[in-house]
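Colleague: For reference, the structure I am asking about is given below.
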Number of protein chains: 2
Amino acid sequence: MEKKSKFITCDGNYAAAYIAYMFTEVACIYPITPSSNMAENIDEWAAAGKKNIFGETVTLSEMQSEAGAAGALHGALQAGSLGATYTASQGLLLMIPNMYKISGELLPGVLHVSARSLAAQALSIFGDHSDVMSTRQTGFAMLATGSVQEIMDIAPVAHLTAIKSRVPFLHFFDGFRTSHEIQKVEAPAMEELEKLLDKKALQEFRDRALNPEHPVTRGTAQNPDIYFQSREAANKFYDVVPDMVEDYMQQLKAVSGREYHPFTYYGAKDPENIVIAMGSITETLKEVIDFLVEKGEKVGLISVHLYRPFSAKYFFKVFPESVKRITVLDRTKEIGANGDPLYLDVEDLFYNRPNAPMIIGGRYGLSSKDTTPAMMLSVYENMKLKEPKNQFTVGIVDDVTFKSLPLLPEISVTPKGTYEAKFYGIGSDGTVGANKNSIKIISDNTDKYCQAYFAYDSKKSGGITVSHLRFGDNAIRSPYLVNTPDFVACHVPAYLEKYDMLKGLKKGGTFLLNSIWDVEETKKRLPNHIKKYMADNNIKFYIINATKIAEDIGLGNRTNTITQTAFFKVSNVIPFDLAVTAMKKAIEKTYGRKGDDVVKMNITSIDKGAEDIINVPVPEEWKKLPADAIVNDDKRPDFIRNVFDPINAMKGDDLPVSAFVGREDGTFPSGTTRYEKRGIAVNVPEWIPENCIQCNNVLTFALTLQFVRSF
Amino acid sequence: MEKKSKFITCDGNYAAAYIAYMFTEVACIYPITPSSNMAENIDEWAAAGKKNIFGETVTLSEMQSEAGAAGALHGALQAGSLGATYTASQGLLLMIPNMYKISGELLPGVLHVSARSLAAQALSIFGDHSDVMSTRQTGFAMLATGSVQEIMDIAPVAHLTAIKSRVPFLHFFDGFRTSHEIQKVEAPAMEELEKLLDKKALQEFRDRALNPEHPVTRGTAQNPDIYFQSREAANKFYDVVPDMVEDYMQQLKAVSGREYHPFTYYGAKDPENIVIAMGSITETLKEVIDFLVEKGEKVGLISVHLYRPFSAKYFFKVFPESVKRITVLDRTKEIGANGDPLYLDVEDLFYNRPNAPMIIGGRYGLSSKDTTPAMMLSVYENMKLKEPKNQFTVGIVDDVTFKSLPLLPEISVTPKGTYEAKFYGIGSDGTVGANKNSIKIISDNTDKYCQAYFAYDSKKSGGITVSHLRFGDNAIRSPYLVNTPDFVACHVPAYLEKYDMLKGLKKGGTFLLNSIWDVEETKKRLPNHIKKYMADNNIKFYIINATKIAEDIGLGNRTNTITQTAFFKVSNVIPFDLAVTAMKKAIEKTYGRKGDDVVKMNITSIDKGAEDIINVPVPEEWKKLPADAIVNDDKRPDFIRNVFDPINAMKGDDLPVSAFVGREDGTFPSGTTRYEKRGIAVNVPEWIPENCIQCNNVLTFALTLQFVRSF
């Protein structure tokens, strides 16, 4: 049993699984995005015989659906085993009937949820709170966390309090943003957590298990005569939950040094305008508050950790009496209600109270819509207005029902010394893997904090990937994409024409291009807007022909180690020698099994990557270049020009609500793929008639190509 | 097509099915209590070829579960068919995922829900709003009705507005109380409703159907770039729903003469204290308001009909500015929330509003807990206190967390001239069937309004049934059990010892006992409390030996026609001759197919029933009788004495919350049946040793009996 907390580099799902495993005896699973790797980690550890807090290996059952997982969980709990499951979105919806049963029967089950959108006008695998909010009436206590570190710090409270109180817990965090964000975090030692377990309560739970040796009747049917009274009899179990949660949070503070409460305040001492929110947005808000408080503004934040039971007592323990205005941010949309759920809950706290503050409700971040410091600035600005907008949205332009707040210019609020990098790759090119490796190298070999988030489009293999990395001497919050990078790498030359990759690149920053051309040809190929941006902003420009190096060495199209080397070389985020040693060690570990040749090729690629980087001076005259000619192809249908093209250019975020007028029900035209010329191949085959032996293979290929193109 | 509205006698499920059938093309069903006979009616009518508003017969599909029914509904709607389903409780929970899809895709589906409790500490088949409240975030519009007549009047709004607005509707009413209450109501003519159909909107719906002739892409996956904007694009469809609902309600008023709005006010002109509620309780509240307003009290009610979208505009159209205090009544329990849902919604309406009234929240009627005028009186009394109790319960005694309001003495608020009758029978003895028949006779042959509600215990066949009947010259509201009957009939002599059947029987009322004894023996057998009650309250006492008459005629144990005849004879609720003619006609219709003999026996039983009733004078000296000796059997375990015995004596309603301390999780001891000596057989077999031929049949029977008793 581990005795000391330790730093590890992991994502939110790993952190939740890490904690959950300790307290779990039976895991009933049916993995669903973005919760899948919680269950997968548990599965892997169970298969490897890892021990939980009781010295046992977790028993894992994969069911036929989430409905089955919840049913099995209910059964395991009734049999006296500590059970848990991990889910999201529609998966969670299928658990609702059993959730009422589990809470009604006061069984200490725990759900870890990487909160995700629900399928409505369209399915989405991305994150918001629609799923967990649809279970707030099930009788589960609900705990919210906003970062990988908070999961490590607070998830134990869910398990410990469930055992002590008999009330089941749902612990949730933002799907993808937190579930898939990699951070260097402190993980508590099992031994420390084991001490906090209420062993008497646990024994009582075991004693209550259904057992033929001392049978009882459970799961009965009740009639109008007694159901209501029975239902009210459970009140007292919920009344004590907030105190227990607070108590465990304070005991855990003694372990981690980090302080949490059911509601936690952050900000100015005498704030006038505060935000109330939960999940990863609270981390962004803390950055913005630091920025504003430094400028003398009286702003703050109440982070909701214990959402159910919603405790007025603990709310008012932290609520500063100086507050005049409150904005409540919800990450869900309950259309037809006058306000989203957290907003309504907060209004109740103040209703009929003297000097009640003004309360404003807003909605943000549906389906992982990236929510940036500028957007939160807009929220605080709104509170300064004489008549602030209520029931607003933020992060989009609503030009139909005009609910959105103005989008302010992006600001950089990351602590000084934070290095931000962004990599454009193509699915399966190894960019994401190499970046995960880089994070690990930096994390393991230095005291630096690291953060990585990987944005994929839905094409997966062959689609665009953008890696967002941050490194710094202080813990990194910033749960949003890198908007003001110090470094941008483009691993796919074809992207030059397609994406606005330098957007936000800091003055004096670095642009690394994997270029299949020499310096002069590269210069010719660069679009004007890139040249001008580099000249205007004093950008350091590097190219490397990773494609050719890989081919020469015999690595085929595996350019990732070469571009990774180039990153370490030009970014200097850690001493380059240290990076090389660590990369080589990693290569031996990763490819050792594949034989010396493979190891050697990869090691050669590191050396070549370092040698072949070319610094391309940026001419002063590029500042004067005219804008690129815009090809306005009127023959393309409206939908293609107005919706499809921006989405493909990664400018879907800029589309206003009006772009979806007439397609509110999720209806899109068919056959749009023919308008998508991706042009991402580095090499294109060419038919040389003189060489033709009429083998027919080429013809088949050509016909297939023609067939594909005509659709 | 029916051209004129007409009076029919039916229950709430029938009324909902009656309306739904008109507007339905595809019914996707999976029947669940208490919604089953909605689906069953649709099924029956479809099988009989009944036509809907489009001149078609409904296509009905029974699926493998409610999840399947919702999926099939989604599919039918996408194919351009008007679809509907009918469900409740866990069934509704299984529809949640598809409900988000149906609303997200703006498909005009309609759900009719007989709202029912959710299984928690125990399952319950009875009514409250827990199920519908768990779907309030799905994007369905929600319409609430409070009586069978309101279903007839308002359910069309759900279908009509769904077609016109594209927003799907969930229409709900109280399970059992409204779904199974029989009332004489006015049913709108199909022709009248057909005129209200928005044919253009309907055609547009047809045109949007998925169709290979003009394919589109629907049910896509959206990414963070556009999901949020798409979701907001749907706002405008919801914004117009309240206006459309109001508009249809006014158009329907022209048909029915009855006036409704999204929120409807009832009560004093300048009320100070009002209640806001939805469902059948609003009918009780109207009675109590009439009672209080007559006494000069300034009280009122806002009935919520359109619960989602929750329209501030229409709320404030009816909200009297004189109001100082509001009590919001919820029929659900969201444990862990600071208030139940309707309460939170109403608080939002007034938050930050000048002169905001005090708002109090209360919970009532979970799982069909009968909610009486006295309880509503208690709610108005609470508002008079200097510091009214908030987050109260009413209808139970909470001696654990002390949330309950005091229970006041029952009051009679039914309009003068309302005749109330109560019949104690045993499941399968025909009492319920005979009473349904009586209701029909009175309804069809007179101008009288009728109401019938049948309370069963869960034993069904062989369990106790109590029929609650009301007749009157005015429309009957009173959606609660008969508490102050004019007439009580006991069809099972064994009940004399078991139940307090005369409780509430009005002074000068009538008690009819099916007695197997003669007058003197009957007098001997009557417990003192019954004798004393009759003497003290000037009760008219009749006996009839229906058991013997039925045996003599050859009807076996079918006593129902005999006791029905006795009811008509002694109650005189309609002229007896009229009743006899109608009963005889009904017998010919019902038993005609079984042959002349059966018809003749039943007709004889009517004549005998009328002849053999005996009026038993109630002696003055019964007033002085001492209380019955209480048998205090200390050998019975605590649970049996304190919980089980009261439940079996139909006194479970009187159990306080503390009776369930230690069994909050629904755990009951096993093997309790052995303490339940029901003793309900009229004849008990006796073994006469002298006659024994050792055939073994008796032995087998005796052993079975012994075996059964020992468990």
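Chain identifiers are assigned as A, B, and so on, following the order in which chains appear in the structure tokens; residues are numbered from 1 within each chain, and ligands are numbered from 1 in order of appearance.
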Taking only C-alpha atoms into account, what are the residues of chain B at most 6 Å from chain A, put as a PyMOL selection string?

Modeller: chain B and resi 100-101+104-106+120-124+137+139+216-222+224-226+228-230+233-234+308-310+334-337+366-369+652-653+657+660+664-670

Colleague: Excluding same-chain residues fewer than 3 positions from Val599 in chain B, what lies within 9 Å of it counting only C-alpha atoms, as a list in words?

Modeller: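 The residues that qualify are Lys584, Ile587, Glu588, Thr590, Tyr591, Gly592, Lys594, Gly595, Asp596, Asn602, Ile603 and Thr604 of chain B.
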
Colleague: May I have the selected residues written with C-alpha atoms, as an mmCIF file, in the first residue's frame?

Modeller:
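Final file, out-v5.cif:
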```
data_model
loop_
_atom_site.group_PDB
_atom_site.id
_atom_site.type_symbol
_atom_site.label_atom_id
_atom_site.label_comp_id
_atom_site.auth_asym_id
_atom_site.auth_seq_id
_atom_site.Cartn_x
_atom_site.Cartn_y
_atom_site.Cartn_z
ATOM 1 C CA LYS B 584 -82.794 -5.543 -16.018
ATOM 2 C CA ILE B 587 -78.555 -7.853 -17.382
ATOM 3 C CA GLU B 588 -80.054 -8.825 -20.709
ATOM 4 C CA THR B 590 -74.491 -8.534 -20.311
ATOM 5 C CA TYR B 591 -75.728 -12.117 -19.857
ATOM 6 C CA GLY B 592 -77.886 -12.577 -22.945
ATOM 7 C CA LYS B 594 -75.012 -16.980 -21.687
ATOM 8 C CA GLY B 595 -78.585 -18.150 -22.154
ATOM 9 C CA ASP B 596 -82.018 -17.471 -20.765
ATOM 10 C CA ASN B 602 -80.118 -12.452 -12.346
ATOM 11 C CA ILE B 603 -83.484 -10.874 -12.879
ATOM 12 C CA THR B 604 -84.859 -12.947 -10.032
#
```

Colleague: Could you pull out the residues in range 294-488 of chain A that DSSP calls helix (DSSP H, G or I) from the backbone, as a PyMOL selection string?

Modeller: chain A and resi 294+312-318+341-350+366-368+373-384+431-445

Colleague: Restricting the calculation to only C-alpha atoms: of A:Thr24, A:Asn642, A:Thr282, A:Asn474, which residue gets closest to Pro415 in chain A?

Modeller: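 Among the listed residues, the smallest separation from Pro415 in chain A belongs to A:Asn474.
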
Colleague: If we count only C-alpha atoms, what is near Lys523 in chain B at a cut-off of 12 Å, once residues fewer than 3 positions away on the same chain are taken out, given as a VMD selection string?

Modeller: chain B and resid 496 513 515 to 520 526 to 528 530 to 532 534 541 to 543 616 to 619 622

Colleague: CA of Gly296 in chain B and CA of Val318 in chain B, how far apart in Å?

Modeller: 21.1 Å

Colleague: Would you work out the distance separating CA of Thr59 in chain B from CA of Lys195 in chain B, expressed in Å to one decimal?

Modeller: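 Calculated distance between CA of Thr59 in chain B and CA of Lys195 in chain B is 23.0 Å.
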
Colleague: Write out as a list in words the residues lying within 7 Å of Ala494 in chain B, counting only C-alpha atoms and excluding same-chain residues fewer than 3 positions away.

Modeller: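 Neighbouring residues, sequence-local ones excluded: Glu497, Gly679 and Ile680 of chain B.
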
Colleague: Would you mind reading off the distance between CA of Ile464 in chain B and CA of Thr371 in chain B, one decimal, in Å?

Modeller: 20.8 Å

Colleague: Got a sec: who's within 8 Å of Phe423 in chain B, counting only C-alpha atoms, leaving out chain neighbours fewer than 2 positions off, as a list in words?

Modeller: Ala421, Gly425, Thr431, Thr465, Val466, Ser467, His468, Val488, Ala489, Cys490 and His491 of chain B

Colleague: Can you write out the residues you just picked, keeping all heavy atoms, as a short mmCIF file (atom, residue, chain, number, x, y, z; two decimals), in the first residue's frame?

Modeller:
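The file below, selection.cif, is the result:
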```
data_model
loop_
_atom_site.label_atom_id
_atom_site.label_comp_id
_atom_site.auth_asym_id
_atom_site.auth_seq_id
_atom_site.Cartn_x
_atom_site.Cartn_y
_atom_site.Cartn_z
N ALA B 421 -71.47 7.80 -1.49
CA ALA B 421 -71.67 6.42 -1.06
C ALA B 421 -70.36 5.66 -1.10
O ALA B 421 -69.47 5.95 -1.89
CB ALA B 421 -72.69 5.73 -1.98
N GLY B 425 -66.16 -4.11 -0.47
CA GLY B 425 -66.32 -5.43 -1.09
C GLY B 425 -65.03 -6.21 -1.02
O GLY B 425 -64.05 -5.77 -0.40
N THR B 431 -68.51 -6.33 -6.69
CA THR B 431 -68.95 -5.04 -6.15
C THR B 431 -68.55 -3.89 -7.08
O THR B 431 -69.37 -3.02 -7.39
CB THR B 431 -68.34 -4.82 -4.75
OG1 THR B 431 -68.81 -5.84 -3.87
CG2 THR B 431 -68.71 -3.45 -4.19
N THR B 465 -61.86 -4.17 -1.52
CA THR B 465 -62.11 -3.08 -2.47
C THR B 465 -63.04 -2.10 -1.77
O THR B 465 -63.96 -2.52 -1.06
CB THR B 465 -62.78 -3.56 -3.76
OG1 THR B 465 -64.12 -3.97 -3.46
CG2 THR B 465 -62.04 -4.71 -4.41
N VAL B 466 -62.76 -0.82 -1.97
CA VAL B 466 -63.70 0.19 -1.46
C VAL B 466 -64.10 1.08 -2.63
O VAL B 466 -63.25 1.70 -3.27
CB VAL B 466 -63.08 1.03 -0.33
CG1 VAL B 466 -64.15 1.94 0.29
CG2 VAL B 466 -62.44 0.16 0.74
N SER B 467 -65.39 1.08 -2.93
CA SER B 467 -65.90 1.91 -4.01
C SER B 467 -66.39 3.22 -3.43
O SER B 467 -67.11 3.23 -2.43
CB SER B 467 -67.07 1.22 -4.71
OG SER B 467 -66.72 -0.09 -5.09
N HIS B 468 -65.93 4.31 -4.08
CA HIS B 468 -66.32 5.65 -3.60
C HIS B 468 -67.15 6.31 -4.69
O HIS B 468 -66.63 6.64 -5.75
CB HIS B 468 -65.08 6.49 -3.33
CG HIS B 468 -64.17 5.90 -2.28
ND1 HIS B 468 -64.16 6.33 -0.99
CD2 HIS B 468 -63.26 4.89 -2.33
CE1 HIS B 468 -63.27 5.63 -0.28
NE2 HIS B 468 -62.72 4.75 -1.08
N VAL B 488 -73.17 3.81 3.47
CA VAL B 488 -72.07 2.84 3.50
C VAL B 488 -72.65 1.45 3.35
O VAL B 488 -73.62 1.11 4.02
CB VAL B 488 -71.26 2.93 4.81
CG1 VAL B 488 -70.26 1.76 4.93
CG2 VAL B 488 -70.53 4.26 4.91
N ALA B 489 -72.05 0.66 2.46
CA ALA B 489 -72.47 -0.73 2.34
C ALA B 489 -71.29 -1.62 2.67
O ALA B 489 -70.17 -1.37 2.23
CB ALA B 489 -72.95 -1.02 0.92
N CYS B 490 -71.57 -2.67 3.46
CA CYS B 490 -70.54 -3.66 3.73
C CYS B 490 -70.99 -4.98 3.13
O CYS B 490 -72.00 -5.56 3.56
CB CYS B 490 -70.34 -3.81 5.24
SG CYS B 490 -69.32 -5.23 5.65
N HIS B 491 -70.28 -5.41 2.09
CA HIS B 491 -70.70 -6.63 1.40
C HIS B 491 -70.05 -7.88 1.98
O HIS B 491 -70.35 -8.98 1.56
CB HIS B 491 -70.38 -6.52 -0.10
CG HIS B 491 -71.19 -5.47 -0.79
ND1 HIS B 491 -71.00 -5.12 -2.10
CD2 HIS B 491 -72.22 -4.69 -0.34
CE1 HIS B 491 -71.85 -4.16 -2.44
NE2 HIS B 491 -72.60 -3.89 -1.38
#
```
